[in-house]
$ cat coords.txt   # compact mmCIF, C-alpha atoms
# COMPACT_ATOMS: atom_id res chain seq x y z
CA MET A 1 10.23 9.43 22.99
CA LYS A 2 11.89 7.30 20.34
CA ILE A 3 10.22 6.70 16.99
CA ILE A 4 10.67 4.48 14.01
CA ALA A 5 9.39 6.27 10.94
CA ASP A 6 9.16 6.01 7.20
CA LEU A 7 9.28 9.19 5.13
CA CYS A 8 8.24 9.71 1.51
CA VAL A 9 8.83 13.25 0.18
CA ILE A 10 7.14 14.18 -3.11
CA PRO A 11 8.29 17.45 -4.70
CA LEU A 12 5.74 18.98 -7.10
CA GLY A 13 6.24 21.45 -9.90
CA ILE A 14 9.75 20.36 -10.88
CA GLY A 15 9.02 17.68 -13.47
CA VAL A 16 8.90 13.88 -13.29
CA SER A 17 12.38 13.24 -11.92
CA VAL A 18 12.70 13.80 -8.19
CA SER A 19 15.78 11.74 -7.23
CA ALA A 20 18.02 14.82 -6.83
CA GLU A 21 15.56 16.21 -4.28
CA ILE A 22 15.35 12.89 -2.45
CA ALA A 23 19.16 12.91 -2.29
CA VAL A 24 19.05 16.37 -0.66
CA CYS A 25 16.74 14.94 2.01
CA GLU A 26 18.98 11.90 2.52
CA ARG A 27 21.96 14.18 3.20
CA ILE A 28 19.94 16.21 5.71
CA LEU A 29 18.81 13.08 7.55
CA HIS A 30 22.38 11.76 7.67
CA GLU A 31 23.81 15.08 8.84
CA ALA A 32 21.22 15.04 11.63
CA GLY A 33 22.88 11.87 12.91
CA LEU A 34 19.73 9.80 12.41
CA LYS A 35 19.80 6.15 11.57
CA THR A 36 18.25 5.76 8.12
CA SER A 37 17.70 3.18 5.43
CA LEU A 38 16.70 4.19 1.91
CA HIS A 39 14.32 1.90 0.02
CA ALA A 40 12.41 2.07 -3.25
CA TYR A 41 9.47 4.09 -1.89
CA GLY A 42 10.81 6.09 1.05
CA THR A 43 13.33 6.10 3.85
CA ASN A 44 13.22 4.34 7.22
CA ILE A 45 14.31 6.67 10.04
CA GLU A 46 15.02 5.86 13.67
CA GLY A 47 15.65 8.42 16.37
CA GLU A 48 14.27 10.70 19.03
CA TRP A 49 10.92 12.28 18.10
CA ASP A 50 12.16 15.90 18.16
CA GLU A 51 15.29 15.16 16.15
CA VAL A 52 13.43 13.20 13.50
CA PHE A 53 10.80 15.86 12.93
CA ALA A 54 13.35 18.69 13.06
CA ALA A 55 15.22 16.95 10.24
CA VAL A 56 12.02 16.40 8.24
CA LYS A 57 11.30 20.12 8.56
CA ARG A 58 14.78 20.93 7.27
CA CYS A 59 14.08 18.70 4.25
CA HIS A 60 11.04 20.81 3.34
CA GLU A 61 12.91 24.06 4.04
CA ALA A 62 15.94 23.04 1.98
CA LEU A 63 13.88 21.97 -1.03
CA HIS A 64 11.83 25.17 -0.96
CA ALA A 65 15.06 27.20 -0.58
CA GLN A 66 16.40 25.68 -3.79
CA GLY A 67 13.19 26.49 -5.63
CA VAL A 68 10.83 23.54 -5.25
CA PRO A 69 7.43 25.31 -5.18
CA ARG A 70 5.34 22.59 -3.54
CA ILE A 71 5.97 19.44 -1.51
CA SER A 72 3.54 16.72 -0.48
CA SER A 73 5.11 14.28 1.97
CA ASN A 74 3.67 11.27 3.65
CA MET A 75 5.10 9.59 6.69
CA ARG A 76 4.44 6.62 8.95
CA PHE A 77 5.69 6.88 12.51
CA GLY A 78 5.39 4.48 15.39
CA THR A 79 6.04 4.76 19.11
CA ARG A 80 5.72 2.11 21.81
CA ILE A 81 6.14 1.94 25.55
CA ASP A 82 5.86 -1.81 26.07
CA ARG A 83 9.44 -2.50 25.03
CA GLU A 84 12.43 -1.12 23.15
CA GLN A 85 12.63 -1.92 19.46
CA ASN A 86 14.85 -0.76 16.64
CA MET A 87 14.56 -0.98 12.86
CA GLU A 88 16.56 -4.21 12.64
CA ASP A 89 14.37 -5.84 15.33
CA LYS A 90 11.26 -5.16 13.28
CA VAL A 91 12.62 -6.82 10.15
CA ARG A 92 14.23 -9.69 12.07
CA SER A 93 11.00 -10.41 13.92
CA VAL A 94 9.12 -10.94 10.66
CA GLU A 95 11.96 -12.95 9.11
CA GLU A 96 12.03 -15.31 12.09
CA LYS A 97 8.32 -15.94 11.65
CA LEU A 98 8.90 -16.64 7.96
CA GLN A 99 11.45 -19.32 8.78
CA GLU A 100 9.31 -21.03 11.39
CA ARG A 101 7.08 -22.74 8.91
CA MET B 1 6.17 27.56 7.39
CA LYS B 2 2.49 26.76 7.13
CA ILE B 3 1.31 23.23 6.44
CA ILE B 4 -1.89 21.49 5.53
CA ALA B 5 -1.81 17.97 6.91
CA ASP B 6 -3.90 14.88 7.38
CA LEU B 7 -3.32 12.71 10.42
CA CYS B 8 -4.41 9.11 11.03
CA VAL B 9 -3.50 7.76 14.47
CA ILE B 10 -3.77 3.97 14.98
CA PRO B 11 -3.51 2.75 18.60
CA LEU B 12 -2.43 -0.89 18.91
CA GLY B 13 -2.89 -3.32 21.76
CA ILE B 14 -6.19 -1.93 23.05
CA GLY B 15 -8.69 -3.94 21.01
CA VAL B 16 -10.67 -3.17 17.88
CA SER B 17 -12.39 0.03 18.99
CA VAL B 18 -10.21 3.11 18.82
CA SER B 19 -12.70 5.99 18.70
CA ALA B 20 -12.10 7.02 22.33
CA GLU B 21 -8.39 7.42 21.55
CA ILE B 22 -9.13 9.39 18.38
CA ALA B 23 -11.35 11.66 20.48
CA VAL B 24 -8.42 12.30 22.84
CA CYS B 25 -6.33 13.38 19.84
CA GLU B 26 -9.14 15.61 18.55
CA ARG B 27 -9.25 17.44 21.88
CA ILE B 28 -5.50 17.94 21.87
CA LEU B 29 -5.55 19.36 18.34
CA HIS B 30 -8.41 21.71 19.23
CA GLU B 31 -6.74 22.85 22.45
CA ALA B 32 -3.64 23.64 20.40
CA GLY B 33 -5.73 26.17 18.49
CA LEU B 34 -5.26 24.36 15.21
CA LYS B 35 -7.86 24.40 12.46
CA THR B 36 -9.05 20.81 12.04
CA SER B 37 -11.68 18.80 10.22
CA LEU B 38 -12.45 15.23 11.21
CA HIS B 39 -13.34 12.77 8.44
CA ALA B 40 -13.91 9.05 8.21
CA TYR B 41 -10.23 8.11 7.91
CA GLY B 42 -8.29 10.87 9.63
CA THR B 43 -8.24 14.54 10.46
CA ASN B 44 -7.30 17.50 8.29
CA ILE B 45 -5.07 19.95 10.16
CA GLU B 46 -3.94 23.42 9.13
CA GLY B 47 -1.37 25.50 10.98
CA GLU B 48 2.25 26.43 11.48
CA TRP B 49 4.66 23.50 11.09
CA ASP B 50 5.97 23.60 14.67
CA GLU B 51 2.54 23.90 16.24
CA VAL B 52 1.08 21.06 14.18
CA PHE B 53 3.89 18.63 14.98
CA ALA B 54 4.01 19.66 18.66
CA ALA B 55 0.32 18.77 18.89
CA VAL B 56 0.83 15.46 17.09
CA LYS B 57 3.57 14.63 19.60
CA ARG B 58 1.19 15.42 22.47
CA CYS B 59 -1.33 13.00 20.92
CA HIS B 60 1.20 10.16 21.11
CA GLU B 61 2.31 11.20 24.62
CA ALA B 62 -1.27 11.45 25.92
CA LEU B 63 -2.30 8.05 24.55
CA HIS B 64 0.79 6.37 25.97
CA ALA B 65 0.20 8.13 29.32
CA GLN B 66 -3.26 6.60 29.52
CA GLY B 67 -1.88 3.15 28.79
CA VAL B 68 -1.90 2.65 25.00
CA PRO B 69 1.20 0.47 24.53
CA ARG B 70 1.85 1.08 20.83
CA ILE B 71 0.80 3.64 18.22
CA SER B 72 1.32 3.58 14.46
CA SER B 73 0.35 6.88 12.86
CA ASN B 74 0.44 7.98 9.29
CA MET B 75 0.32 11.52 8.08
CA ARG B 76 0.30 13.50 4.86
CA PHE B 77 1.67 17.03 5.01
CA GLY B 78 2.09 19.60 2.32
CA THR B 79 3.92 22.91 2.10
CA ARG B 80 4.10 25.37 -0.76
CA ILE B 81 5.85 28.66 -1.45
CA ASP B 82 4.18 29.58 -4.75
CA ARG B 83 1.03 30.92 -3.08
CA GLU B 84 -1.05 30.85 0.08
CA GLN B 85 -3.68 28.14 0.33
CA ASN B 86 -5.94 26.90 3.10
CA MET B 87 -7.98 23.75 3.56
CA GLU B 88 -11.14 25.29 2.10
CA ASP B 89 -9.25 26.51 -0.97
CA LYS B 90 -8.11 22.98 -1.73
CA VAL B 91 -11.62 21.53 -1.65
CA ARG B 92 -13.16 24.51 -3.49
CA SER B 93 -10.56 24.30 -6.23
CA VAL B 94 -11.55 20.69 -7.01
CA GLU B 95 -15.28 21.43 -6.72
CA GLU B 96 -14.99 24.29 -9.20
CA LYS B 97 -13.33 21.95 -11.68
CA LEU B 98 -16.14 19.44 -11.14
CA GLN B 99 -18.75 22.03 -12.04
CA GLU B 100 -16.97 23.23 -15.15
CA ARG B 101 -17.96 20.26 -17.26
CA MET C 1 -15.37 -7.64 1.46
CA LYS C 2 -16.34 -4.07 2.16
CA ILE C 3 -13.72 -1.40 2.72
CA ILE C 4 -13.56 2.16 3.94
CA ALA C 5 -10.65 3.88 2.27
CA ASP C 6 -9.00 7.23 1.84
CA LEU C 7 -7.27 8.03 -1.43
CA CYS C 8 -4.73 10.76 -2.19
CA VAL C 9 -3.61 10.92 -5.83
CA ILE C 10 -0.53 13.02 -6.61
CA PRO C 11 0.14 13.67 -10.32
CA LEU C 12 3.79 14.52 -11.10
CA GLY C 13 5.27 16.33 -14.03
CA ILE C 14 2.33 18.64 -14.72
CA GLY C 15 3.21 21.63 -12.53
CA VAL C 16 2.06 22.71 -9.08
CA SER C 17 -1.68 22.76 -9.66
CA VAL C 18 -3.32 19.37 -9.56
CA SER C 19 -6.98 20.14 -8.82
CA ALA C 20 -8.13 19.43 -12.39
CA GLU C 21 -6.64 15.94 -12.13
CA ILE C 22 -8.23 15.38 -8.71
CA ALA C 23 -11.56 16.39 -10.27
CA VAL C 24 -11.08 13.74 -12.97
CA CYS C 25 -10.63 11.14 -10.23
CA GLU C 26 -13.70 12.40 -8.36
CA ARG C 27 -15.83 11.92 -11.46
CA ILE C 28 -14.52 8.40 -11.95
CA LEU C 29 -15.27 7.47 -8.34
CA HIS C 30 -18.79 8.90 -8.62
CA GLU C 31 -19.47 7.17 -11.92
CA ALA C 32 -18.41 3.91 -10.28
CA GLY C 33 -21.31 4.37 -7.88
CA LEU C 34 -19.05 4.54 -4.86
CA LYS C 35 -19.89 6.55 -1.78
CA THR C 36 -17.25 9.26 -1.49
CA SER C 37 -16.46 12.37 0.51
CA LEU C 38 -13.84 14.85 -0.68
CA HIS C 39 -11.72 16.58 1.97
CA ALA C 40 -8.69 18.85 1.96
CA TYR C 41 -6.11 16.06 1.64
CA GLY C 42 -7.86 13.17 -0.10
CA THR C 43 -11.18 11.45 -0.60
CA ASN C 44 -13.01 9.01 1.66
CA ILE C 45 -14.37 6.06 -0.29
CA GLU C 46 -16.73 3.32 0.85
CA GLY C 47 -17.62 0.23 -1.17
CA GLU C 48 -16.81 -3.33 -2.10
CA TRP C 49 -13.06 -4.05 -2.29
CA ASP C 50 -13.04 -4.94 -6.01
CA GLU C 51 -15.14 -1.96 -7.05
CA VAL C 52 -13.05 0.49 -5.05
CA PHE C 53 -9.73 -0.72 -6.45
CA ALA C 54 -11.11 -1.00 -10.00
CA ALA C 55 -12.09 2.68 -9.77
CA VAL C 56 -8.70 3.66 -8.36
CA LYS C 57 -7.07 1.89 -11.30
CA ARG C 58 -9.27 3.82 -13.72
CA CYS C 59 -8.12 7.06 -12.04
CA HIS C 60 -4.50 6.23 -12.85
CA GLU C 61 -5.39 5.07 -16.37
CA ALA C 62 -7.45 8.18 -17.11
CA LEU C 63 -4.77 10.59 -15.90
CA HIS C 64 -2.06 8.83 -17.90
CA ALA C 65 -4.37 8.78 -20.95
CA GLN C 66 -4.68 12.56 -20.78
CA GLY C 67 -0.91 12.95 -20.56
CA VAL C 68 0.06 12.88 -16.88
CA PRO C 69 3.48 11.17 -17.04
CA ARG C 70 3.77 9.99 -13.44
CA ILE C 71 1.43 9.44 -10.49
CA SER C 72 2.27 8.70 -6.87
CA SER C 73 -0.83 7.83 -4.86
CA ASN C 74 -1.22 6.92 -1.26
CA MET C 75 -4.20 5.21 0.25
CA ARG C 76 -5.47 4.01 3.60
CA PHE C 77 -7.94 1.13 3.54
CA GLY C 78 -9.60 -0.70 6.36
CA THR C 79 -11.59 -3.90 6.58
CA ARG C 80 -13.24 -5.50 9.60
CA ILE C 81 -15.21 -8.66 10.30
CA ASP C 82 -16.31 -7.93 13.88
CA ARG C 83 -19.18 -5.68 12.80
CA GLU C 84 -20.55 -3.55 9.98
CA GLN C 85 -19.45 0.06 9.88
CA ASN C 86 -19.84 2.86 7.38
CA MET C 87 -18.10 6.21 6.95
CA GLU C 88 -20.70 8.10 8.97
CA ASP C 89 -20.44 5.61 11.84
CA LYS C 90 -16.71 6.23 12.12
CA VAL C 91 -17.11 10.00 12.42
CA ARG C 92 -20.16 9.74 14.70
CA SER C 93 -18.37 7.36 17.02
CA VAL C 94 -15.58 9.88 17.62
CA GLU C 95 -17.99 12.81 17.93
CA GLU C 96 -19.99 10.97 20.60
CA LYS C 97 -16.82 10.42 22.59
CA LEU C 98 -16.01 14.13 22.26
CA GLN C 99 -19.36 15.09 23.75
CA GLU C 100 -19.12 12.68 26.66
CA ARG C 101 -16.68 14.77 28.61
CA MET D 1 0.08 -1.16 -16.06
CA LYS D 2 3.10 -1.80 -13.88
CA ILE D 3 3.33 -0.34 -10.39
CA ILE D 4 5.93 0.08 -7.70
CA ALA D 5 4.20 0.08 -4.33
CA ASP D 6 4.86 0.07 -0.63
CA LEU D 7 2.44 -1.73 1.67
CA CYS D 8 2.02 -1.40 5.44
CA VAL D 9 -0.59 -3.72 6.94
CA ILE D 10 -1.72 -2.97 10.51
CA PRO D 11 -3.81 -5.68 12.20
CA LEU D 12 -5.98 -4.40 15.06
CA GLY D 13 -7.49 -6.24 17.98
CA ILE D 14 -4.79 -8.89 18.35
CA GLY D 15 -2.40 -7.18 20.78
CA VAL D 16 0.83 -5.24 20.27
CA SER D 17 2.81 -7.84 18.37
CA VAL D 18 1.94 -8.08 14.69
CA SER D 19 5.02 -9.69 13.14
CA ALA D 20 3.33 -13.09 12.69
CA GLU D 21 0.59 -11.40 10.65
CA ILE D 22 3.13 -9.46 8.58
CA ALA D 23 4.87 -12.78 7.88
CA VAL D 24 1.57 -14.20 6.58
CA CYS D 25 1.36 -11.27 4.16
CA GLU D 26 4.98 -11.73 3.08
CA ARG D 27 4.27 -15.35 2.17
CA ILE D 28 1.20 -14.35 0.16
CA LEU D 29 3.14 -11.71 -1.76
CA HIS D 30 5.94 -14.19 -2.51
CA GLU D 31 3.53 -16.92 -3.58
CA ALA D 32 1.97 -14.41 -5.97
CA GLY D 33 5.31 -14.21 -7.73
CA LEU D 34 5.71 -10.52 -6.96
CA LYS D 35 9.07 -8.89 -6.47
CA THR D 36 9.17 -7.66 -2.87
CA SER D 37 11.57 -6.17 -0.36
CA LEU D 38 10.72 -6.08 3.34
CA HIS D 39 11.89 -3.07 5.34
CA ALA D 40 11.32 -1.78 8.87
CA TYR D 41 7.99 -0.05 8.12
CA GLY D 42 6.45 -1.93 5.21
CA THR D 43 7.21 -3.90 2.08
CA ASN D 44 8.20 -2.67 -1.38
CA ILE D 45 6.26 -4.48 -4.11
CA GLU D 46 6.79 -4.41 -7.87
CA GLY D 47 4.45 -5.96 -10.41
CA GLU D 48 1.43 -5.63 -12.63
CA TRP D 49 -1.38 -3.55 -11.10
CA ASP D 50 -3.95 -6.36 -11.01
CA GLU D 51 -1.56 -8.91 -9.56
CA VAL D 52 -0.33 -6.56 -6.85
CA PHE D 53 -3.81 -5.60 -5.68
CA ALA D 54 -5.11 -9.17 -5.92
CA ALA D 55 -2.30 -10.21 -3.56
CA VAL D 56 -3.03 -7.32 -1.18
CA LYS D 57 -6.66 -8.46 -1.07
CA ARG D 58 -5.56 -11.99 -0.24
CA CYS D 59 -3.50 -10.57 2.66
CA HIS D 60 -6.63 -9.00 4.17
CA GLU D 61 -8.70 -12.14 3.49
CA ALA D 62 -6.08 -14.47 5.00
CA LEU D 63 -5.68 -12.42 8.17
CA HIS D 64 -9.44 -12.16 8.67
CA ALA D 65 -9.76 -15.92 8.00
CA GLN D 66 -7.35 -16.63 10.83
CA GLY D 67 -9.28 -14.38 13.20
CA VAL D 68 -7.87 -10.87 12.90
CA PRO D 69 -11.01 -8.75 13.46
CA ARG D 70 -9.83 -5.47 11.92
CA ILE D 71 -7.09 -4.34 9.55
CA SER D 72 -6.00 -0.81 8.66
CA SER D 73 -3.50 -0.81 5.81
CA ASN D 74 -1.78 2.04 4.10
CA MET D 75 -0.09 1.86 0.77
CA ARG D 76 1.86 4.05 -1.62
CA PHE D 77 1.70 3.14 -5.30
CA GLY D 78 3.25 4.79 -8.29
CA THR D 79 2.77 4.42 -12.03
CA ARG D 80 4.54 6.21 -14.87
CA ILE D 81 4.34 6.24 -18.64
CA ASP D 82 7.42 8.34 -19.43
CA ARG D 83 9.84 5.45 -19.00
CA GLU D 84 10.31 2.02 -17.44
CA GLN D 85 11.64 1.91 -13.91
CA ASN D 86 12.07 -0.83 -11.34
CA MET D 87 12.66 -0.79 -7.59
CA GLU D 88 16.44 -0.99 -7.93
CA ASP D 89 16.47 1.91 -10.42
CA LYS D 90 14.70 4.14 -7.89
CA VAL D 91 17.25 3.48 -5.15
CA ARG D 92 20.23 3.63 -7.53
CA SER D 93 19.07 6.94 -8.94
CA VAL D 94 19.13 8.55 -5.49
CA GLU D 95 22.43 6.91 -4.54
CA GLU D 96 24.10 8.23 -7.69
CA LYS D 97 22.99 11.75 -6.78
CA LEU D 98 24.39 11.26 -3.28
CA GLN D 99 27.81 10.39 -4.69
CA GLU D 100 27.92 13.30 -7.11
CA ARG D 101 28.74 15.88 -4.50
$ encode --input "coords.txt" --output "structure tokens"
Amino acid sequence: MKIIADLCVIPLGIGVSVSAEIAVCERILHEAGLKTSLHAYGTNIEGEWDEVFAAVKRCHEALHAQGVPRISSNMRFGTRIDREQNMEDKVRSVEEKLQER
Amino acid sequence: MKIIADLCVIPLGIGVSVSAEIAVCERILHEAGLKTSLHAYGTNIEGEWDEVFAAVKRCHEALHAQGVPRISSNMRFGTRIDREQNMEDKVRSVEEKLQER
Amino acid sequence: MKIIADLCVIPLGIGVSVSAEIAVCERILHEAGLKTSLHAYGTNIEGEWDEVFAAVKRCHEALHAQGVPRISSNMRFGTRIDREQNMEDKVRSVEEKLQER
Amino acid sequence: MKIIADLCVIPLGIGVSVSAEIAVCERILHEAGLKTSLHAYGTNIEGEWDEVFAAVKRCHEALHAQGVPRISSNMRFGTRIDREQNMEDKVRSVEEKLQER
């Protein structure tokens, strides 16, 4: 089962700056071979369900292993069986509608 | 790794009423032996990481198997290594602060 | 326009414990006269759109005023025009489906 | 109070395809003069608190006005008082960390 997801990891107890921890997660997602796209409030991820969630688990494990005491993540994830769709399709589909007017 | 999570499953393409599909997910979470608490905009879930996400996957699989064409879920999930905490602790901790004033 | 919402406020830069800050938000929501229900990963809120979001804004303002440097909230909010529905209806509707089997 | 947000609008009761409705929201956000960036699972938004949430309200109102019976949105929104930050800063900050290794 393929999913398109969007992950936002929020490390707590390490101060206001969290970009180093987000970078750790980005590396883990890339090393997992997942298609990703970083944006200003999370990361788009496309892949097989098990691979995506295994990588998300490694993100939490890696941050805790380097001392982050608490993590509160939030994630959107979508699956569909009516047709195949990738991340680019989703954006393109909206952009086409925007140009129609 | 234990997590406390909150899951909101949104089935698409089946009309405005989605309570029957949420009930299917509730049964799956209960059958997985997870501690859960249904509220007006999701379900609190407490358990081991792998068991929680395996059950969430079964929710998507079960809804698709009964014909739901598309699902867009969103989920919060927290882990911590500084101390143990369960769902009741989290609520009690806030309620204690509310009574202090 | 009435909404049913679920708010999760995450204060950053104040350490791992955030229950005192959540309690501040709870008081603000109550003082706004909104119907709320605290759970283990957020707070259900029911009310008029403008009143709900005005109260959420006051939560951010109050936490910053007491020194919280950064806040990352996430919120679900639903509106519908097909029929009236309150927080209890949503839970009851799922529970009825659970008892049907 | 400035916020950086990420909005995901999910129209219910109109079938599986929702890109036309997302395009309506995109137009509303642009017409509001907000800085936005569409991605595969939502839209980044940067602006003043009141302007951002007024535009989000217009998205719900516009979709209901054209017949969408139910909408379930979810949104992340962050505020900070320790320093100024825009959407590009957030992405750049992570990318710099990724190149450090």
$ atom_distance --input "coords.txt" --atom1 "atom CA of A:Glu46" --atom2 "atom CA of B:Glu61"
17.6 Å
$ residues_around --input "coords.txt" --residues "C:Leu38" --least-positions-apart "3" --cutoff "9 Å" --atoms "all atoms listed in the file" --output "CSV table (one decimal) with C-alpha atoms, in the frame of the given file"
chain,number,residue,atom,x,y,z
B,91,VAL,CA,-11.6,21.5,-1.6
B,94,VAL,CA,-11.6,20.7,-7.0
C,26,GLU,CA,-13.7,12.4,-8.4
C,41,TYR,CA,-6.1,16.1,1.6
C,42,GLY,CA,-7.9,13.2,-0.1
C,43,THR,CA,-11.2,11.4,-0.6
C,44,ASN,CA,-13.0,9.0,1.7
C,45,ILE,CA,-14.4,6.1,-0.3
$ closest_residue --input "coords.txt" --among "A:Met87, A:Leu34, A:Val56, A:Leu12" --to "chain C" --atoms "only C-alpha atoms"
A:Leu12
$ residues_around --input "coords.txt" --residues "B:Asp82" --least-positions-apart "3" --cutoff "10 Å" --atoms "only C-alpha atoms" --output "PyMOL selection string"
(chain A and resi 13+64+67-70) or (chain B and resi 79+85) or (chain C and resi 16)
$ interface_residues --input "coords.txt" --of "chain A" --to "chain B" --cutoff "10 Å" --atoms "only C-alpha atoms" --output "number ranges by chain"
A: 1, 3-13, 49-50, 53-54, 57, 60-61, 64-65, 67-83
$ write_last_selection --input "coords.txt" --atoms "C-alpha atoms" --output "mmCIF file, in the coordinates of the input"
data_model
loop_
_atom_site.group_PDB
_atom_site.id
_atom_site.type_symbol
_atom_site.label_atom_id
_atom_site.label_comp_id
_atom_site.auth_asym_id
_atom_site.auth_seq_id
_atom_site.Cartn_x
_atom_site.Cartn_y
_atom_site.Cartn_z
ATOM 1 C CA MET A 1 10.230 9.430 22.990
ATOM 2 C CA ILE A 3 10.220 6.700 16.990
ATOM 3 C CA ILE A 4 10.670 4.480 14.010
ATOM 4 C CA ALA A 5 9.390 6.270 10.940
ATOM 5 C CA ASP A 6 9.160 6.010 7.200
ATOM 6 C CA LEU A 7 9.280 9.190 5.130
ATOM 7 C CA CYS A 8 8.240 9.710 1.510
ATOM 8 C CA VAL A 9 8.830 13.250 0.180
ATOM 9 C CA ILE A 10 7.140 14.180 -3.110
ATOM 10 C CA PRO A 11 8.290 17.450 -4.700
ATOM 11 C CA LEU A 12 5.740 18.980 -7.100
ATOM 12 C CA GLY A 13 6.240 21.450 -9.900
ATOM 13 C CA TRP A 49 10.920 12.280 18.100
ATOM 14 C CA ASP A 50 12.160 15.900 18.160
ATOM 15 C CA PHE A 53 10.800 15.860 12.930
ATOM 16 C CA ALA A 54 13.350 18.690 13.060
ATOM 17 C CA LYS A 57 11.300 20.120 8.560
ATOM 18 C CA HIS A 60 11.040 20.810 3.340
ATOM 19 C CA GLU A 61 12.910 24.060 4.040
ATOM 20 C CA HIS A 64 11.830 25.170 -0.960
ATOM 21 C CA ALA A 65 15.060 27.200 -0.580
ATOM 22 C CA GLY A 67 13.190 26.490 -5.630
ATOM 23 C CA VAL A 68 10.830 23.540 -5.250
ATOM 24 C CA PRO A 69 7.430 25.310 -5.180
ATOM 25 C CA ARG A 70 5.340 22.590 -3.540
ATOM 26 C CA ILE A 71 5.970 19.440 -1.510
ATOM 27 C CA SER A 72 3.540 16.720 -0.480
ATOM 28 C CA SER A 73 5.110 14.280 1.970
ATOM 29 C CA ASN A 74 3.670 11.270 3.650
ATOM 30 C CA MET A 75 5.100 9.590 6.690
ATOM 31 C CA ARG A 76 4.440 6.620 8.950
ATOM 32 C CA PHE A 77 5.690 6.880 12.510
ATOM 33 C CA GLY A 78 5.390 4.480 15.390
ATOM 34 C CA THR A 79 6.040 4.760 19.110
ATOM 35 C CA ARG A 80 5.720 2.110 21.810
ATOM 36 C CA ILE A 81 6.140 1.940 25.550
ATOM 37 C CA ASP A 82 5.860 -1.810 26.070
ATOM 38 C CA ARG A 83 9.440 -2.500 25.030
#
$ closest_residue --input "coords.txt" --among "B:Glu51, B:Glu84, B:Glu31, B:Glu21" --to "C:Lys97" --atoms "all atoms listed in the file"
B:Glu21
$ residues_near_point --input "coords.txt" --point "(-15.6, 22.4, -8.8)" --cutoff "12 Å" --atoms "only C-alpha atoms" --output "NGL selection string"
(:B and (89-101)) or (:C and (19-24 or 26-27 or 38))
$ closest_residue --input "coords.txt" --among "A:Ala40, A:Ile14, A:Lys2, A:Val52" --to "A:Gln66" --atoms "only C-alpha atoms"
A:Ile14
$ atom_distance --input "coords.txt" --atom1 "atom CA of C:Cys59" --atom2 "atom CA of C:Cys25"
5.1 Å
$ atom_distance --input "coords.txt" --atom1 "atom CA of D:Thr36" --atom2 "atom CA of A:Ser37"
16.1 Å
